[in-house]
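target-v3.cif (mmCIF, C-alpha atoms)
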data_final
#
loop_
_atom_site.label_atom_id
_atom_site.label_comp_id
_atom_site.auth_asym_id
_atom_site.auth_seq_id
_atom_site.Cartn_x
_atom_site.Cartn_y
_atom_site.Cartn_z
CA MET A 1 41.44 17.84 -175.22
CA PRO A 2 43.38 18.84 -172.11
CA SER A 3 46.84 20.28 -172.70
CA PHE A 4 50.12 19.28 -171.10
CA ASP A 5 49.85 22.51 -169.06
CA ASP A 6 46.58 21.24 -167.55
CA PHE A 7 48.38 18.06 -166.59
CA VAL A 8 51.27 19.98 -164.97
CA GLU A 9 48.86 22.23 -163.08
CA ALA A 10 46.84 19.26 -161.79
CA VAL A 11 50.00 17.48 -160.66
CA GLN A 12 51.29 20.62 -158.94
CA ASP A 13 48.00 21.10 -157.08
CA GLY A 14 47.93 17.48 -156.06
CA ALA A 15 51.58 17.58 -155.00
CA ARG A 16 50.93 20.57 -152.74
CA GLU A 17 48.07 18.74 -151.07
CA LEU A 18 50.14 15.55 -150.78
CA ALA A 19 53.03 17.47 -149.18
CA ARG A 20 50.64 19.10 -146.73
CA GLU A 21 49.15 15.71 -145.79
CA THR A 22 52.57 14.02 -145.50
CA PHE A 23 54.73 16.66 -143.84
CA ASP A 24 52.27 18.90 -142.00
CA ASP A 25 53.30 19.15 -138.33
CA TYR A 26 56.39 17.02 -138.97
CA LEU A 27 58.85 19.71 -137.88
CA ASP A 28 56.84 20.49 -134.75
CA ASP A 29 56.59 16.79 -133.94
CA ALA A 30 60.34 16.32 -134.46
CA ARG A 31 61.16 19.33 -132.25
CA ASN A 32 58.78 18.18 -129.52
CA ASP A 33 60.19 14.68 -129.70
CA ALA A 34 63.76 15.99 -129.34
CA ARG A 35 62.77 18.18 -126.38
CA SER A 36 60.97 15.27 -124.73
CA PHE A 37 63.96 12.95 -125.21
CA ILE A 38 66.38 15.51 -123.75
CA ALA A 39 64.04 16.17 -120.80
CA ASN A 40 63.83 12.43 -120.11
CA CYS A 41 67.63 12.17 -120.25
CA GLU A 42 67.93 15.04 -117.77
CA ASP A 43 65.45 13.36 -115.42
CA ASP A 44 67.37 10.08 -115.66
CA LEU A 45 70.70 11.79 -114.97
CA ARG A 46 69.33 13.66 -111.94
CA ARG A 47 67.86 10.42 -110.56
CA TRP A 48 71.16 8.55 -111.06
CA ILE A 49 73.17 11.30 -109.37
CA ASN A 50 70.77 11.14 -106.46
CA MET A 51 71.08 7.33 -106.35
CA LEU A 52 74.88 7.66 -106.48
CA GLU A 53 74.81 10.04 -103.52
CA GLN A 54 72.50 7.69 -101.61
CA GLY A 55 74.73 4.70 -102.33
CA ASP A 56 72.08 2.94 -104.42
CA LEU A 57 74.50 3.07 -107.36
CA ASP A 58 78.27 2.76 -107.27
CA GLN A 59 80.55 4.66 -109.66
CA GLN A 60 80.80 1.81 -112.13
CA GLU A 61 77.03 1.34 -112.24
CA PHE A 62 76.58 5.10 -112.69
CA SER A 63 79.14 5.12 -115.50
CA ASP A 64 77.46 2.10 -117.15
CA LEU A 65 74.12 3.89 -117.12
CA VAL A 66 75.56 7.09 -118.61
CA ASN A 67 77.29 5.10 -121.36
CA GLY A 68 74.04 3.25 -121.97
CA GLN A 69 72.28 6.59 -122.35
CA LYS A 70 74.72 7.54 -125.12
CA SER A 71 73.84 4.33 -126.95
CA LEU A 72 70.15 4.98 -126.40
CA ALA A 73 70.57 8.48 -127.87
CA GLN A 74 72.25 6.97 -130.94
CA ILE A 75 69.35 4.55 -131.38
CA HIS A 76 66.85 7.38 -130.91
CA LEU A 77 68.54 9.49 -133.60
CA LEU A 78 68.39 6.52 -135.97
CA THR A 79 64.67 6.21 -135.24
CA GLN A 80 64.15 9.88 -136.13
CA LYS A 81 66.20 9.51 -139.32
CA GLY A 82 64.20 6.41 -140.27
CA ILE A 83 60.85 8.11 -139.60
CA ALA A 84 61.89 11.05 -141.81
CA LEU A 85 62.72 8.58 -144.58
CA THR A 86 59.37 6.80 -144.21
CA LYS A 87 57.65 10.17 -144.76
CA LEU A 88 59.77 10.93 -147.81
CA GLU A 89 59.08 7.45 -149.18
CA ARG A 90 55.32 7.91 -148.69
CA PHE A 91 55.53 11.28 -150.45
CA ARG A 92 57.46 9.80 -153.35
CA SER A 93 55.06 6.88 -153.75
CA GLY A 94 52.11 9.27 -153.54
CA LEU A 95 53.67 11.51 -156.17
CA ILE A 96 54.18 8.62 -158.57
CA ASP A 97 50.52 7.59 -158.10
CA LEU A 98 49.47 11.20 -158.55
CA VAL A 99 51.36 11.61 -161.83
CA ILE A 100 50.01 8.35 -163.22
CA ASN A 101 46.42 8.89 -162.07
CA THR A 102 46.35 12.50 -163.27
CA ALA A 103 47.65 11.49 -166.69
CA LEU A 104 45.06 8.69 -166.93
CA ASP A 105 42.24 11.00 -165.83
CA LEU A 106 43.15 13.79 -168.24
CA PHE A 107 44.33 11.98 -171.33
CA LEU A 108 42.35 8.75 -171.42
CA MET B 1 56.70 34.43 -172.75
CA ARG B 2 53.76 32.35 -171.51
CA LEU B 3 54.70 29.63 -173.97
CA ALA B 4 58.32 29.64 -172.74
CA VAL B 5 57.25 29.34 -169.08
CA SER B 6 54.83 26.52 -169.90
CA ALA B 7 57.42 24.64 -171.89
CA THR B 8 59.96 24.98 -169.07
CA THR B 9 57.46 23.88 -166.45
CA GLY B 10 56.38 21.00 -168.63
CA LEU B 11 59.94 19.90 -169.19
CA ALA B 12 60.67 20.13 -165.46
CA ALA B 13 57.58 18.05 -164.68
CA LEU B 14 58.58 15.48 -167.24
CA LEU B 15 62.12 15.27 -165.82
CA VAL B 16 60.77 14.89 -162.29
CA THR B 17 58.43 12.16 -163.51
CA LEU B 18 61.25 10.34 -165.22
CA TRP B 19 63.41 10.69 -162.11
CA LEU B 20 60.63 9.33 -159.93
CA ILE B 21 60.11 6.35 -162.17
CA GLY B 22 63.86 5.79 -162.42
CA CYS B 23 64.37 5.80 -158.68
CA ALA B 24 62.56 2.57 -157.98
CA GLN B 25 64.78 1.73 -154.99
CA PRO B 26 62.83 2.57 -151.81
CA LEU B 27 64.39 5.13 -149.48
CA ILE B 28 63.82 2.79 -146.52
CA GLY B 29 62.93 -0.88 -146.19
CA ALA B 30 59.29 -1.91 -146.06
CA TYR B 31 57.47 -2.82 -142.86
CA SER B 32 58.19 -6.37 -141.80
CA PRO B 33 55.68 -8.11 -139.49
CA THR B 34 58.41 -10.63 -138.60
CA ALA B 35 60.86 -7.89 -137.60
CA TYR B 36 58.13 -6.25 -135.51
CA GLU B 37 57.23 -9.56 -133.85
CA ASN B 38 60.91 -10.34 -133.17
CA ALA B 39 61.43 -6.94 -131.54
CA THR B 40 58.35 -7.11 -129.31
CA SER B 41 58.82 -10.71 -128.21
CA LEU B 42 62.58 -10.32 -127.64
CA LYS B 43 61.93 -7.16 -125.63
CA ALA B 44 59.74 -9.20 -123.26
CA GLU B 45 62.23 -12.09 -123.08
CA THR B 46 65.23 -9.83 -122.56
CA LEU B 47 63.65 -7.73 -119.81
CA SER B 48 62.36 -10.85 -118.05
CA LEU B 49 65.83 -12.35 -118.01
CA MET B 50 67.40 -9.06 -116.89
CA GLU B 51 65.02 -9.08 -113.91
CA LYS B 52 66.67 -12.30 -112.70
CA ALA B 53 70.07 -10.68 -112.23
CA ASN B 54 69.56 -10.62 -108.45
CA GLU B 55 70.08 -14.40 -108.66
CA PRO B 56 73.45 -16.09 -109.40
CA TYR B 57 74.52 -15.72 -113.04
CA ALA B 58 75.53 -19.37 -113.20
CA ASP B 59 71.88 -20.38 -112.69
CA HIS B 60 70.89 -18.44 -115.83
CA LYS B 61 73.94 -18.76 -118.06
CA ALA B 62 72.17 -21.13 -120.46
CA SER B 63 69.22 -18.72 -120.75
CA VAL B 64 71.56 -15.80 -121.45
CA ASP B 65 73.37 -17.80 -124.14
CA HIS B 66 70.06 -18.84 -125.69
CA LEU B 67 68.75 -15.27 -125.62
CA TYR B 68 71.88 -14.05 -127.38
CA VAL B 69 71.31 -16.55 -130.17
CA GLU B 70 67.75 -15.27 -130.57
CA LEU B 71 68.90 -11.63 -130.54
CA ARG B 72 71.53 -12.35 -133.19
CA LYS B 73 68.99 -14.16 -135.33
CA ALA B 74 66.69 -11.13 -135.14
CA HIS B 75 69.61 -8.83 -136.06
CA GLU B 76 70.60 -11.02 -138.99
CA PHE B 77 67.01 -11.13 -140.21
CA VAL B 78 66.78 -7.33 -140.18
CA LYS B 79 70.19 -7.01 -141.88
CA GLY B 80 68.96 -9.24 -144.68
CA LEU B 81 65.98 -7.05 -145.57
CA PRO B 82 66.58 -4.62 -148.44
CA GLY B 83 66.96 -0.94 -147.55
CA ASN B 84 67.00 -1.76 -143.85
CA SER B 85 70.39 -0.45 -142.75
CA ILE B 86 68.95 1.96 -140.18
CA SER B 87 67.07 -0.76 -138.29
CA ALA B 88 70.11 -3.04 -138.60
CA GLN B 89 72.31 -0.33 -137.03
CA GLN B 90 69.85 0.01 -134.16
CA TRP B 91 69.95 -3.74 -133.48
CA GLY B 92 73.74 -3.67 -133.72
CA ILE B 93 74.01 -1.01 -131.00
CA LEU B 94 71.43 -2.74 -128.80
CA ILE B 95 72.95 -6.22 -128.78
CA ASP B 96 76.69 -5.42 -129.16
CA LYS B 97 78.45 -7.68 -126.63
CA ASP B 98 81.00 -4.90 -125.98
CA GLY B 99 78.34 -2.19 -126.11
CA ALA B 100 76.72 -0.28 -123.27
CA LEU B 101 73.24 -1.81 -123.30
CA ILE B 102 72.42 -5.54 -123.23
CA GLY B 103 76.01 -6.74 -123.65
CA GLN B 104 77.29 -4.67 -120.76
CA TYR B 105 74.48 -5.77 -118.47
CA PHE B 106 75.10 -9.48 -118.99
CA SER B 107 78.87 -8.97 -118.72
CA ARG B 108 78.45 -7.23 -115.37
CA TRP B 109 76.10 -9.96 -114.21
CA GLN B 110 78.70 -12.58 -115.14
CA GLU B 111 81.52 -10.61 -113.47
CA LYS B 112 79.66 -9.94 -110.23
CA SER B 113 77.44 -13.04 -110.18
CA GLN B 114 74.54 -10.90 -108.92
CA LEU B 115 73.54 -7.29 -109.57
CA ARG B 116 72.09 -4.70 -107.22
CA PRO B 117 68.39 -3.80 -107.50
CA GLY B 118 68.92 -0.05 -108.08
CA PHE B 119 71.17 -0.64 -111.09
CA MET B 120 68.98 -3.46 -112.38
CA GLY B 121 65.84 -1.33 -112.36
CA GLU B 122 67.48 1.58 -114.17
CA LYS B 123 69.18 -0.59 -116.78
CA ILE B 124 65.99 -2.54 -117.46
CA LEU B 125 64.19 0.77 -118.11
CA GLN B 126 67.00 1.89 -120.42
CA VAL B 127 67.08 -1.31 -122.45
CA GLY B 128 63.27 -1.28 -122.64
CA LYS B 129 63.41 2.20 -124.15
CA ALA B 130 65.99 1.05 -126.68
CA PHE B 131 63.69 -1.79 -127.80
CA ASP B 132 60.80 0.70 -127.98
CA GLU B 133 62.81 2.85 -130.41
CA ILE B 134 63.30 -0.14 -132.72
CA ILE B 135 59.62 -1.07 -132.43
CA CYS B 136 58.63 2.56 -133.09
CA LEU B 137 60.60 2.74 -136.33
CA GLU B 138 59.21 -0.57 -137.56
CA ALA B 139 55.65 0.58 -136.79
CA ASN B 140 56.25 3.82 -138.70
CA LYS B 141 57.29 1.87 -141.77
CA GLU B 142 53.74 0.54 -141.93
CA LYS B 143 51.98 3.84 -141.15
CA ALA B 144 52.76 7.15 -139.45
CA THR B 145 52.56 6.33 -135.75
CA SER B 146 53.18 8.36 -132.63
CA CYS B 147 55.27 6.23 -130.30
CA THR B 148 55.03 8.32 -127.14
CA GLY B 149 52.83 5.70 -125.49
CA SER B 150 55.31 2.90 -126.05
CA LYS B 151 58.38 4.45 -124.47
CA GLY B 152 57.67 2.94 -121.09
CA ASP B 153 57.52 6.34 -119.39
#

Mind turning the file's structure into structure tokens?
Amino acid sequence: MPSFDDFVEAVQDGARELARETFDDYLDDARNDARSFIANCEDDLRRWINMLEQGDLDQQEFSDLVNGQKSLAQIHLLTQKGIALTKLERFRSGLIDLVINTALDLFL
Amino acid sequence: MRLAVSATTGLAALLVTLWLIGCAQPLIGAYSPTAYENATSLKAETLSLMEKANEPYADHKASVDHLYVELRKAHEFVKGLPGNSISAQQWGILIDKDGALIGQYFSRWQEKSQLRPGFMGEKILQVGKAFDEIICLEANKEKATSCTGSKGD
């Protein structure tokens, strides 16, 4: 008859694997995504300054685009926050399944 | 000693299990095919209408008004889904009539009657990216998805 310690050990092993599957590369992905977003913003700003100098944008249009970029950055941050929560939610659901399945496998 | 460690670990595991079962409320709302469909179809409709801003606003006023109704319906739908405050905030920023994305563009169009191509092109790109962010989050609710290909770059 397996002991409660066997159950805990099996859950811990499974949880480690689940965490690796769920969060592996997440930090790198998030960093790369942030770098890419900032680089795109820089490119946009350079292009708009150039267009302003060339007369393709007036000051109000330039200002509207910069303000729009702030809103876009807010939306982007919300996306990143939401994606982090989807990963946590998947981990939590996986952990619940793991606890239940491990208990059923060991004790029934 | 071994017994004490095992008992502590066991108790911790049991508490975590109970916590997990107790926290039935999802951390974020579930994937909604309707929300995804609304975002993708309204992206296409919005950008198509924005492309007409080199024509007099008066000729398209009815279309702008109609689009705003559709955008608000999509926002209200997302707001009504449980655990969906992040997506609802995104929609709120995107469609705010006094905000710096869609609202500002249509206000300028109304003010000036026609917009200049340089500004139009840049703003259309910007609003497209904002829609892509909303679409990206919705897609990630279904499964982990890299959205780099959908940013319109």

Show me, as a ChimeraX atom specification, every residue of chain B with an atom at most 6 Å from chain A, counting all atoms listed in the file.
/B:27,90,100-101,118,130,137,141

To one decimal in Å, tell me the separation between atom CA of B:Asp96 and atom CA of B:Arg108.
14.0 Å

Contacts between stretch 37-55 of chain B and stretch 107-144 of chain B, please, where a residue of stretch 107-144 of chain B counts if it comes within 9 Å (with all atoms listed in the file); show its shortest atom pair and distance in Å to one decimal, rows by chain and ascending number, as a tab-separated table.
residue	atom	partner	partner_atom	distance
B:Trp109	CA	B:Ala53	CA	6.4
B:Ser113	CA	B:Glu55	CA	7.6
B:Gln114	CA	B:Asn54	CA	5.0
B:Leu115	CA	B:Asn54	CA	5.3
B:Arg116	CA	B:Asn54	CA	6.6
B:Pro117	CA	B:Asn54	CA	7.0
B:Met120	CA	B:Glu51	CA	7.0
B:Gly121	CA	B:Glu51	CA	7.9
B:Lys123	CA	B:Met50	CA	8.7
B:Ile124	CA	B:Leu47	CA	6.2
B:Leu125	CA	B:Leu47	CA	8.7
B:Val127	CA	B:Leu47	CA	7.7
B:Gly128	CA	B:Lys43	CA	6.7
B:Phe131	CA	B:Lys43	CA	6.1
B:Asp132	CA	B:Lys43	CA	8.3
B:Ile134	CA	B:Ala39	CA	7.2
B:Ile135	CA	B:Ala39	CA	6.2

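Of note, atom CA of A:Ala19 and atom CA of B:Ser32 are spaced 25.5 Å apart.
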
Mind giving me the straight-line distance from atom CA of B:Leu81 to atom CA of B:Gly29 in Å, one decimal?
6.9 Å
